[in-house]
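Content type CSV, C-alpha atoms, from the file upload08.csv:
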```csv
chain,number,residue,atom,x,y,z
G,109,GLY,CA,19.7,-10.9,-1.9
G,110,VAL,CA,18.2,-12.7,1.1
G,111,SER,CA,17.3,-10.4,4.0
G,112,LYS,CA,18.5,-11.3,7.5
G,113,GLN,CA,15.5,-9.7,9.0
G,114,VAL,CA,13.3,-12.0,11.1
G,115,LEU,CA,9.7,-11.9,9.8
G,116,HIS,CA,6.7,-13.2,11.7
G,117,GLU,CA,3.9,-14.0,9.4
G,118,ILE,CA,1.0,-16.3,9.8
G,119,GLY,CA,-1.6,-17.0,7.1
G,120,CYS,CA,-4.5,-19.4,6.9
G,121,VAL,CA,-6.9,-20.3,4.1
G,122,TRP,CA,-10.2,-22.2,4.3
G,123,GLN,CA,-12.3,-23.3,1.4
G,124,GLY,CA,-15.9,-24.3,1.8
G,125,ASP,CA,-18.7,-25.5,-0.3
G,126,GLY,CA,-19.4,-23.6,-3.5
G,127,GLU,CA,-15.8,-22.5,-3.6
G,128,VAL,CA,-16.2,-19.8,-1.0
G,129,THR,CA,-12.8,-19.0,0.5
G,130,ALA,CA,-11.9,-17.3,3.8
G,131,ARG,CA,-8.4,-16.0,4.3
G,132,ALA,CA,-6.6,-14.4,7.2
G,133,TRP,CA,-3.0,-13.1,7.3
G,134,LEU,CA,-1.1,-11.6,10.2
G,135,PHE,CA,2.1,-9.7,9.6
G,136,ALA,CA,3.4,-9.4,13.2
G,137,ARG,CA,6.7,-7.7,12.5
G,138,PRO,CA,6.6,-4.3,14.0
G,139,VAL,CA,4.8,-2.2,11.4
G,140,GLU,CA,5.0,1.6,11.6
G,141,THR,CA,1.9,3.8,11.1
G,142,ARG,CA,3.6,5.6,8.2
G,143,PHE,CA,4.1,2.3,6.3
G,144,ALA,CA,0.6,1.2,7.1
G,145,ARG,CA,-0.7,4.4,5.5
G,146,THR,CA,1.2,3.6,2.4
G,147,VAL,CA,-0.4,0.1,2.3
G,148,VAL,CA,-3.8,1.7,2.6
G,149,ALA,CA,-3.1,4.1,-0.2
G,150,GLN,CA,-1.9,1.3,-2.5
G,151,ALA,CA,-5.2,-0.7,-1.9
G,152,ALA,CA,-7.1,1.9,-3.9
G,153,LYS,CA,-4.8,1.3,-6.9
G,154,THR,CA,-5.3,-2.5,-7.1
G,155,LYS,CA,-6.7,-3.4,-10.5
G,156,GLY,CA,-10.3,-4.6,-10.4
G,157,CYS,CA,-10.7,-3.3,-6.8
G,158,ARG,CA,-12.0,-0.3,-5.1
G,159,VAL,CA,-11.8,0.9,-1.5
G,160,VAL,CA,-15.2,1.5,0.1
G,161,ASP,CA,-16.5,2.8,3.4
G,162,GLY,CA,-16.4,0.0,6.0
G,163,PRO,CA,-16.0,-0.7,9.7
G,164,SER,CA,-12.9,0.5,11.4
G,165,PHE,CA,-10.5,-2.4,11.4
G,166,GLY,CA,-7.4,-1.2,13.2
G,167,SER,CA,-5.9,2.2,12.5
G,168,PRO,CA,-5.2,3.0,9.8
G,169,SER,CA,-7.4,0.5,7.9
G,170,TYR,CA,-9.3,-0.1,4.7
G,171,THR,CA,-12.2,-2.2,3.2
G,172,GLN,CA,-11.6,-3.3,-0.3
G,173,VAL,CA,-14.2,-4.8,-2.7
G,174,CYS,CA,-12.8,-6.6,-5.8
G,175,THR,CA,-14.2,-8.3,-8.9
G,176,ARG,CA,-11.6,-10.9,-9.8
G,177,VAL,CA,-11.1,-13.5,-12.5
G,178,ALA,CA,-14.3,-15.0,-13.9
G,179,GLY,CA,-16.4,-12.6,-11.9
G,180,GLN,CA,-15.3,-13.8,-8.5
G,181,GLN,CA,-16.1,-11.3,-5.8
G,182,ARG,CA,-13.8,-10.6,-2.8
G,183,VAL,CA,-14.2,-8.3,0.2
G,184,ARG,CA,-11.1,-7.6,2.4
G,185,HIS,CA,-10.6,-5.7,5.6
G,186,ALA,CA,-7.1,-4.8,6.6
G,187,GLY,CA,-5.5,-2.7,9.2
G,188,LEU,CA,-2.9,-2.0,11.8
G,189,PHE,CA,-3.5,-3.3,15.4
G,190,GLY,CA,-0.8,-1.8,17.6
G,191,GLN,CA,2.2,-2.8,15.5
G,192,SER,CA,0.7,-5.8,13.8
G,193,TRP,CA,-0.9,-5.7,10.3
G,194,LEU,CA,-3.9,-7.9,9.9
G,195,SER,CA,-5.9,-8.7,6.8
G,196,CYS,CA,-8.9,-11.0,6.4
G,197,GLU,CA,-11.2,-11.6,3.4
G,198,ILE,CA,-13.9,-13.8,1.9
G,199,ALA,CA,-14.0,-14.6,-1.8
G,200,ALA,CA,-16.9,-16.2,-3.5
G,201,PRO,CA,-18.0,-17.2,-7.1
G,202,SER,CA,-19.6,-14.6,-9.3
G,203,GLY,CA,-23.2,-15.5,-8.1
G,204,ALA,CA,-22.5,-14.0,-4.7
G,205,THR,CA,-23.8,-10.5,-3.9
G,206,ILE,CA,-21.5,-7.9,-2.5
G,207,ALA,CA,-24.0,-7.1,0.3
G,208,ASP,CA,-23.9,-10.8,1.5
G,209,LEU,CA,-20.2,-11.0,1.1
G,210,ARG,CA,-19.7,-7.9,3.1
G,211,THR,CA,-21.9,-9.2,5.9
G,212,ARG,CA,-20.0,-12.5,6.0
G,213,THR,CA,-16.6,-10.8,5.8
G,214,ASP,CA,-17.5,-8.4,8.7
G,215,ALA,CA,-18.4,-11.4,10.9
G,216,TRP,CA,-15.3,-13.4,9.8
G,217,CYS,CA,-12.9,-10.5,10.5
G,218,VAL,CA,-14.4,-9.9,13.9
G,219,GLU,CA,-13.8,-13.5,14.8
G,220,VAL,CA,-10.2,-13.4,13.5
G,221,ALA,CA,-9.4,-10.2,15.4
G,222,ASN,CA,-11.0,-11.5,18.6
G,223,ALA,CA,-9.1,-14.8,18.4
G,224,LEU,CA,-5.8,-12.8,18.1
G,225,ASN,CA,-6.6,-10.4,20.9
G,226,THR,CA,-4.2,-11.5,23.6
G,227,ALA,CA,-5.0,-8.3,25.7
G,228,ARG,CA,-8.3,-9.8,26.8
```
What would the structure in this file look like if it were written as structure tokens?
Amino acid sequence: GVSKQVLHEIGCVWQGDGEVTARAWLFARPVETRFARTVVAQAAKTKGCRVVDGPSFGSPSYTQVCTRVAGQQRVRHAGLFGQSWLSCEIAAPSGATIADLRTRTDAWCVEVANALNTAR
């Protein structure tokens, strides 16, 4: 049952003071738009999460807001850039406001996308 397909994935996690966590994940195997649309549709079905309006983050893309275990809040942007799927998120303890978390996630995801932009 092990695939012989070569996968190119890179993921990073940083945890700061107050248990705020930033994550970024790049799935660089060629991803087709049709598959990416399936991923976007599934995001709305994740328990404890909802897809909300957000900035365009690739095409197609989504912004997801979740309330996780013990009230932890998480905001995630994910989308297709060319043929690479990129997701980034920030999660914080229950005391964080969604508005603050969205602002921080927007800034974080712009930094991640810019760092990976080799076309510049």
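Proximity of G:Ala204, G:Ile118, G:Phe165, G:Thr213 to Phe135 of chain G, computed with only C-alpha atoms, is greatest for G:Ile118.
With atom CA of Asn222 of chain G on one side and atom CA of Ser202 of chain G on the other, the separation reads 29.4 Å.
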Residues at most 6 Å from Trp193 of chain G, counting all atoms listed in the file, excluding those fewer than 3 positions away in the same chain, as a CSV table (one decimal) with C-alpha atoms, in the coordinates of the input?
```
chain,number,residue,atom,x,y,z
G,134,LEU,CA,-1.1,-11.6,10.2
G,135,PHE,CA,2.1,-9.7,9.6
G,187,GLY,CA,-5.5,-2.7,9.2
G,188,LEU,CA,-2.9,-2.0,11.8
```
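Distances to Gln180 of chain G were evaluated for G:Glu117, G:Glu127, G:Asp214, G:Asp161 using only C-alpha atoms, and the minimum falls at G:Glu127.
Take the candidates G:His185, G:Gly190, G:Ala149, G:Thr171 and check each one against Arg137 of chain G using all atoms listed in the file; the shortest distance goes to G:Gly190.
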Distance in Å - atom CA of Thr175 of chain G versus atom CA of Val160 of chain G
13.3 Å
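Point (-11.0, -9.2, -9.2) has the following residues at most 10 Å away: Thr154, Lys155, Gly156, Cys157, Arg158, Val173, Cys174, Thr175, Arg176, Val177, Ala178, Gly179, Gln180, Gln181, Arg182, Val183 and Ala199 of chain G (atoms considered: only C-alpha atoms).
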Keeping only C-alpha atoms, write the selected residues to a file as an mmCIF file, in the frame of the given file.
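Contents of part16.cif, as written:
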```cif
data_model
loop_
_atom_site.group_PDB
_atom_site.id
_atom_site.type_symbol
_atom_site.label_atom_id
_atom_site.label_comp_id
_atom_site.auth_asym_id
_atom_site.auth_seq_id
_atom_site.Cartn_x
_atom_site.Cartn_y
_atom_site.Cartn_z
ATOM 1 C CA THR G 154 -5.300 -2.500 -7.100
ATOM 2 C CA LYS G 155 -6.700 -3.400 -10.500
ATOM 3 C CA GLY G 156 -10.300 -4.600 -10.400
ATOM 4 C CA CYS G 157 -10.700 -3.300 -6.800
ATOM 5 C CA ARG G 158 -12.000 -0.300 -5.100
ATOM 6 C CA VAL G 173 -14.200 -4.800 -2.700
ATOM 7 C CA CYS G 174 -12.800 -6.600 -5.800
ATOM 8 C CA THR G 175 -14.200 -8.300 -8.900
ATOM 9 C CA ARG G 176 -11.600 -10.900 -9.800
ATOM 10 C CA VAL G 177 -11.100 -13.500 -12.500
ATOM 11 C CA ALA G 178 -14.300 -15.000 -13.900
ATOM 12 C CA GLY G 179 -16.400 -12.600 -11.900
ATOM 13 C CA GLN G 180 -15.300 -13.800 -8.500
ATOM 14 C CA GLN G 181 -16.100 -11.300 -5.800
ATOM 15 C CA ARG G 182 -13.800 -10.600 -2.800
ATOM 16 C CA VAL G 183 -14.200 -8.300 0.200
ATOM 17 C CA ALA G 199 -14.000 -14.600 -1.800
#
```
Who sits within 10 Å of Thr129 of chain G, all atoms listed in the file, same chain under 2 positions skipped, as a CSV table (one decimal) with C-alpha atoms, keeping the file's coordinate frame:
```csv
chain,number,residue,atom,x,y,z
G,121,VAL,CA,-6.9,-20.3,4.1
G,122,TRP,CA,-10.2,-22.2,4.3
G,123,GLN,CA,-12.3,-23.3,1.4
G,124,GLY,CA,-15.9,-24.3,1.8
G,125,ASP,CA,-18.7,-25.5,-0.3
G,126,GLY,CA,-19.4,-23.6,-3.5
G,127,GLU,CA,-15.8,-22.5,-3.6
G,131,ARG,CA,-8.4,-16.0,4.3
G,182,ARG,CA,-13.8,-10.6,-2.8
G,197,GLU,CA,-11.2,-11.6,3.4
G,198,ILE,CA,-13.9,-13.8,1.9
G,199,ALA,CA,-14.0,-14.6,-1.8
G,200,ALA,CA,-16.9,-16.2,-3.5
G,201,PRO,CA,-18.0,-17.2,-7.1
```
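Here the question is which of G:Ala215, G:Leu224, G:Cys196, G:Ile206 gets nearest to Ala136 of chain G using only C-alpha atoms, and that residue is G:Leu224.
Comparing the minimum interatomic distances between Pro138 of chain G and each of G:Gly162, G:Leu194, G:Ala227, G:Arg184, counting all atoms listed in the file, we find that G:Leu194 sits nearest.
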Residue contacts of Val139 of chain G (7 Å, all atoms listed in the file) excluding same-chain residues fewer than 5 positions away, as a list in words
Ala144, Gln191, Ser192 and Trp193 of chain G
Taking C-alpha atoms for each residue, export the selection above as an mmCIF file, in the frame of the given file.
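Output (again06.cif):
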```
data_model
loop_
_atom_site.group_PDB
_atom_site.id
_atom_site.type_symbol
_atom_site.label_atom_id
_atom_site.label_comp_id
_atom_site.auth_asym_id
_atom_site.auth_seq_id
_atom_site.Cartn_x
_atom_site.Cartn_y
_atom_site.Cartn_z
ATOM 1 C CA ALA G 144 0.600 1.200 7.100
ATOM 2 C CA GLN G 191 2.200 -2.800 15.500
ATOM 3 C CA SER G 192 0.700 -5.800 13.800
ATOM 4 C CA TRP G 193 -0.900 -5.700 10.300
#
```
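The interatomic distance for the pair atom CA of Val159 of chain G and atom CA of Asn225 of chain G works out to 25.6 Å.
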6 Å contact set for Ala132 of chain G, all atoms listed in the file, chain neighbours under 3 positions out, as a CSV table (one decimal) with C-alpha atoms, in the coordinates of the input:
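See around_36.csv below for the written result:
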```
chain,number,residue,atom,x,y,z
G,119,GLY,CA,-1.6,-17.0,7.1
G,120,CYS,CA,-4.5,-19.4,6.9
G,195,SER,CA,-5.9,-8.7,6.8
G,196,CYS,CA,-8.9,-11.0,6.4
```
Between G:Leu209, G:Ala130, G:Ala186, G:Val220, which is the closest to Gly166 of chain G once you count all atoms listed in the file?
G:Ala186
